[in-house]
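**Student:** This is the content of my_file39.tsv (TSV, C-alpha atoms):
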chain	number	residue	atom	x	y	z
A	1	MET	CA	15.08	-28.69	-1.97
A	2	SER	CA	15.92	-26.98	1.31
A	3	MET	CA	19.49	-28.32	1.07
A	4	LEU	CA	19.83	-26.71	-2.36
A	5	VAL	CA	18.61	-23.35	-1.04
A	6	PHE	CA	21.00	-23.64	1.89
A	7	CYS	CA	23.96	-24.30	-0.44
A	8	VAL	CA	23.07	-21.36	-2.66
A	9	LEU	CA	22.89	-19.05	0.37
A	10	ILE	CA	26.29	-20.24	1.57
A	11	LEU	CA	27.84	-19.61	-1.85
A	12	LEU	CA	26.31	-16.13	-2.05
A	13	ALA	CA	27.57	-15.22	1.40
A	14	ALA	CA	31.08	-16.48	0.65
A	15	GLY	CA	31.26	-14.62	-2.64
A	16	SER	CA	30.20	-11.28	-1.21
A	17	GLU	CA	32.92	-11.05	1.47
A	18	GLY	CA	35.79	-10.11	-0.82
A	19	SER	CA	33.84	-7.84	-3.09
A	20	GLY	CA	33.62	-4.25	-2.03
A	21	PRO	CA	33.78	-0.88	-3.64
A	22	SER	CA	36.89	-0.32	-5.70
A	23	PRO	CA	39.46	2.19	-4.44
A	24	ARG	CA	38.72	5.78	-5.37
A	25	LYS	CA	41.02	8.63	-6.24
A	26	PRO	CA	41.36	11.32	-3.54
A	27	THR	CA	40.76	14.99	-4.29
A	28	CYS	CA	44.23	16.52	-4.06
A	29	SER	CA	43.75	19.79	-5.94
A	30	GLY	CA	45.75	22.77	-4.71
A	31	LEU	CA	48.29	20.76	-2.71
A	32	SER	CA	51.20	21.02	-5.12
A	33	GLU	CA	52.52	24.26	-3.59
A	34	ILE	CA	51.27	24.23	0.02
A	35	LEU	CA	51.22	21.01	2.01
A	36	ALA	CA	48.78	22.17	4.69
A	37	CYS	CA	45.64	20.30	5.75
A	38	PRO	CA	42.67	21.05	8.00
A	39	MET	CA	42.61	19.38	11.41
A	40	ASN	CA	39.24	17.67	10.88
A	41	MET	CA	38.86	13.98	11.73
A	42	ALA	CA	37.38	12.09	8.78
A	43	PRO	CA	39.55	8.94	8.67
A	44	VAL	CA	40.25	7.17	5.40
A	45	CYS	CA	42.06	3.91	4.71
A	46	GLY	CA	44.66	4.17	1.97
A	47	THR	CA	45.61	1.45	-0.47
A	48	ASP	CA	48.97	1.41	1.34
A	49	GLU	CA	47.04	-0.03	4.35
A	50	ASN	CA	47.63	3.10	6.47
A	51	THR	CA	44.85	5.07	8.15
A	52	TYR	CA	44.93	8.82	7.56
A	53	ALA	CA	43.06	11.35	9.71
A	54	ASN	CA	41.55	12.84	6.55
A	55	GLU	CA	41.78	12.74	2.77
A	56	CYS	CA	44.12	15.73	2.65
A	57	LEU	CA	46.75	13.97	4.77
A	58	LEU	CA	46.57	10.97	2.42
A	59	CYS	CA	47.21	13.37	-0.47
A	60	VAL	CA	50.21	14.90	1.32
A	61	GLN	CA	51.73	11.46	1.92
A	62	SER	CA	51.10	10.52	-1.70
A	63	LEU	CA	52.87	13.68	-2.90
A	64	LYS	CA	55.80	13.29	-0.47
A	65	THR	CA	56.44	9.66	-1.40
A	66	LYS	CA	55.60	10.17	-5.09
A	67	THR	CA	53.28	7.17	-4.97
A	68	ASN	CA	49.70	6.80	-6.10
A	69	ILE	CA	47.80	6.15	-2.85
A	70	LEU	CA	44.07	5.70	-3.37
A	71	ILE	CA	41.26	5.62	-0.82
A	72	LYS	CA	40.45	2.00	-0.13
A	73	LYS	CA	37.52	2.85	2.16
A	74	ASP	CA	36.20	5.52	4.48
A	75	GLY	CA	37.16	4.90	8.11
A	76	SER	CA	40.09	3.10	9.66
A	77	CYS	CA	41.92	0.25	7.98
Can the structure from this file be put into structure tokens for me?

**Tutor:**
Amino acid sequence: MSMLVFCVLILLAAGSEGSGPSPRKPTCSGLSEILACPMNMAPVCGTDENTYANECLLCVQSLKTKTNILIKKDGSC
């Protein structure tokens, strides 16, 4: 019985590693005319695997490259 519980725990732990929150869309309103961002440090990891100092800078890069970069997670990649 303890071996069965042990196996179930291993399977649960292995299955939870790859599952995380899905990427979310950044708030990029008002950036179409002026590409200026605040200097605050609130790092986000983009779906392009780059770390941006804040969400605004991710939006600027997305607009410049004409790609749809989402926020993979808060913090560094």

**Student:** Which protein, DNA or RNA residues are at most 9 Å from (51.4, 1.9, 0.0) in the file's coordinates when you count only C-alpha atoms, listed as a compact mmCIF listing (two decimals) with C-alpha atoms, keeping the file's coordinate frame?

**Tutor:**
# COMPACT_ATOMS: atom_id res chain seq x y z
CA GLY A 46 44.66 4.17 1.97
CA THR A 47 45.61 1.45 -0.47
CA ASP A 48 48.97 1.41 1.34
CA GLU A 49 47.04 -0.03 4.35
CA ASN A 50 47.63 3.10 6.47
CA SER A 62 51.10 10.52 -1.70
CA THR A 67 53.28 7.17 -4.97
CA ASN A 68 49.70 6.80 -6.10
CA ILE A 69 47.80 6.15 -2.85
CA LEU A 70 44.07 5.70 -3.37

**Student:** Please, what distance in Å, to one decimal, runs between CA of Met41 in chain A and CA of Ser29 in chain A?

**Tutor:**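 Pair CA of Met41 in chain A / CA of Ser29 in chain A returns 19.2 Å.
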
**Student:** Quick one: residues within 12 Å of Thr27 in chain A, all atoms listed in the file counted, chain neighbours fewer than 3 positions away excluded, as a list in words?

**Tutor:**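 Those residues are Arg24, Gly30, Leu31, Asn54, Glu55, Cys56, Leu57, Leu58, Cys59, Val60, Ser62, Ile69, Leu70 and Ile71 of chain A.
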
**Student:** What does the distance between CA of Pro43 in chain A and CA of Pro26 in chain A come to in Å, to one decimal place?

**Tutor:**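 Atom-to-atom, CA of Pro43 in chain A to CA of Pro26 in chain A, that is 12.6 Å.
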
**Student:** Rank A:Asp74, A:Tyr52, A:Ser22, A:Thr65 by their smallest atom-to-atom distance to Cys37 in chain A, using only C-alpha atoms, and report the top residue only.

**Tutor:**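 Residue with the minimum atom-to-atom distance to Cys37 in chain A: A:Tyr52.
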
**Student:** I need the residue nearest Asn40 in chain A from this list: A:Gln61, A:Lys72, A:Cys28, A:Ala53. Use all atoms listed in the file for the distance.

**Tutor:**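 Checking each candidate against Asn40 in chain A, we get A:Ala53 as the closest.
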